[in-house]
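**Q** Dumping the structure here so I can ask a few things about it.
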Amino acid sequence: MGAPITTSRLDPSLERALLERAGSDVTAFGELYDHYLPRVYGFALRRVQEPSVAQDVTATTFQRAIEAARSSELPNDGFGGWLYRVAANAVADQMRNGQRLVSLAMTDGPAADAFAAAIDRDELRSAMAHLSGQQREVLVLGFYDDLNADEAAAVIGCSRDVFVARLQGALGALRDGAQGDVTDAA
Amino acid sequence: MPLDPHDYNIALHLAEAGARARSAGSAVPDSAFAAGLRDRLLSPPPDLTLGLKPRSRERRIRAAWSLPSVFRVPRLLPIAVAAVLLFAGAVAARELYVAISEHRGPTPGASVLAVLPPQSASELAFATTSSEPTGEPSLAPAPGNTFEPTDNPTPGPRPGPTNGATPKPTPKPTPVATSLATPMPTPVPTPLATPVPTPVPTPTPAPTVPDAPTGLSAQPGSSSGEIFLNWSAPSSDGGDAITDYDVCQADQQGGPYTCSPTGSTATATTISGLAPGSQYWYRIEAVNGVGAGPRSNEDTAAATP
């Protein structure tokens with residue numbers, strides 16, 4: 001069990017302290033920006049695929065964040081989830097503006113495809129294709145975007161518990177599908 | 001999070017695949033973009049910004065604004081654009097004049113025509129296209145509502161341009177009776193005439209205090225202990241009629257002066273009850289609805305012995 005499942009995150013108490021000062025202290029907001037910029041950009045790029053569009057989404061997201069900070073409307077907890085949710089909405093806006101045809105389940109698109117392609121166990125990869133869009137969505141948010149349960153739940157708009165239950169359900173479905181695939185192959 | 005043991009290896013495998021895919025794709029933002037956005041976000045906000053953004057496929061205008069942080073109250077917004085302008089104008093500028101025009105054409109849009117600096121601090125006038133109605137009842141002043149009553153007569157029947165028509169007590173209504181069209185002997189009513197643009201209210205200068213009275217002359221009065229003063233009204237009443245004069249009296253040159261109203265707009269008065277033979281100094285202030293203006297020249301006289 002060597003591989004870390006999560007990468008380093010801001011210490012929650014540090015993040016809370018930064019959030020309290022973010023509206024009036026530019027260095028505090030700058031720290032939050034530096035930490036979340038690559039994450040938000042990557043989140044956007046995995047979905048829109050074009051760097052220029054991902055930049056637009058990122059700029060929109062952080063612009064909303066600074067405006068919210070200045071008017072003291074940022075949440076004290078769960079800033080990451082708030083940010084990813086804003087980014088997800090900005091991605092959806094971009095899709096609508098560009099009039100691209102995307103499925104309503106946002107992550108059931110380029111991101112899910114790229115994630116599935118990265119899975120090197122064949123039976124798991126093919127089993128991904130048989131999951132529902134909602135199941136793929138939670139797997140992409142949890143393992144490809146590397147969001148924690150709170151952040152992913154904020155993006156989907158459900159509670160943390162619901163997200164965890166869906167994730168477990170999706171893993172179970174993936175296991176069943178993979179076993180079925182193995183059985184079929186055998 | 002607790003996982004079914006059978007699923008743990010799958011989860012681990014997915015996490016590794018995700019990490020691999022994340023690092024394979026160049027998900028690092030361009031450094032110039034990152035630095036530029038950082039600078040833009042962290043630069044101090046302008047004192048007052050007003051941005052207008054046309055909504056796609058709608059003729060409505062969405063206005064966004066931000067105020068200096070000292071004026072900002074969380075969750076006070078949204079209120080009507082006009083109310084914000086009134087607030088900002090009253091607090092920050094005492095006068096704010098904003099004109100917004102809507103482009104009509106292939107690409108609907110809008111632009112702020114002008115945001116003028118304070119000029120005479122008299123009137124908040126604006127012509128704006130408001131955004132969607134909000135629940136806020138009426139923070140916004142009615143168009144044309146100004147701090148000072150203007151003398152604009154309500155649009156009524158104009159005195160007809162002299163084309164020889166004799167005034168009748170009960171004018172017979174004609175199809176063109178209410179039109180503002182140029183008088184023509186045989187006017188052809190143009191039902192779809194281009195609408196006369198609503199005149200943008202021109203700010204009237206605010207009344208100020210009157211100028212100083214001039215030509216003050218003090219002389220001994222006709223009776224003992226009296227001094228007679230006369231002066232000339234100031235050249236300007238400041239835009240509001242003079243209601244009173246203050247007589248300021250001192251017992252040495254240069255003051256200190258003690259002022260008391262005459263209670264009249266007459267430009268002469270007699271001061272009585274003074275010590276006979278003593279010398280007094282005088283200056284006069286003109287007073288209107290705004291207040292007392294600067295003092296006149298100084299003159300002196302000895303009370304009648």
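Going through the structure tokens in order, the chains are called A, B, and so on, while each chain numbers its residues from 1 and the ligands are numbered from 1 in the order shown.
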Extract, using only C-alpha atoms, all DNA, RNA and protein residues at most 8 Å from stretch 90-93 of chain A, discarding same-chain residues fewer than 6 positions from it, and format them as a list in words.
**A**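 Everything that qualifies: Ala44, Arg47, Val48, Val57, Thr60, Thr61 and Met106 of chain A.
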**Q** When you look at A:Gln168 with a cut-off of 12 Å (counting only C-alpha atoms), what residues show up, excluding the ones that are within fewer than 2 positions of it in the same chain? I need them as a list in words.
**A** Gln135, Arg136, Val138, Leu139, Gly142, Ala149, Asp161, Val162, Phe163, Val164, Ala165, Arg166, Ala170, Leu171, Gly172, Ala173, Leu174 and Arg175 of chain A; Met1, Pro2, Leu3, Asp4, Pro5, His6, Asp7, Tyr8, Ile10 and Ala11 of chain B
**Q** Can you measure atom CA of B:Cys259 to atom CA of B:Asp246 for me? One decimal in Å is fine.
**A**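 According to the coordinates, atom CA of B:Cys259 and atom CA of B:Asp246 are separated by 5.8 Å.
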**Q** Quick one: of A:Gly109, A:Gly169, A:Gly81, A:Pro12, who's nearest to chain B, counting only C-alpha atoms?
**A** A:Gly169
**Q** Apply DSSP to the structure's backbone, then extract all residues of stretch 26-182 of chain A labelled helix (DSSP H, G or I) and return them as a PyMOL selection string.
**A** chain A and resi 26-48+51-70+79-98+110-118+122-128+133-144+149-156+160-182
**Q** May I ask for the distance between atom CA of A:Leu19 and atom CA of A:Glu67, given in Å to one decimal place?
**A**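 Distance reported for this atom pair: 12.8 Å.
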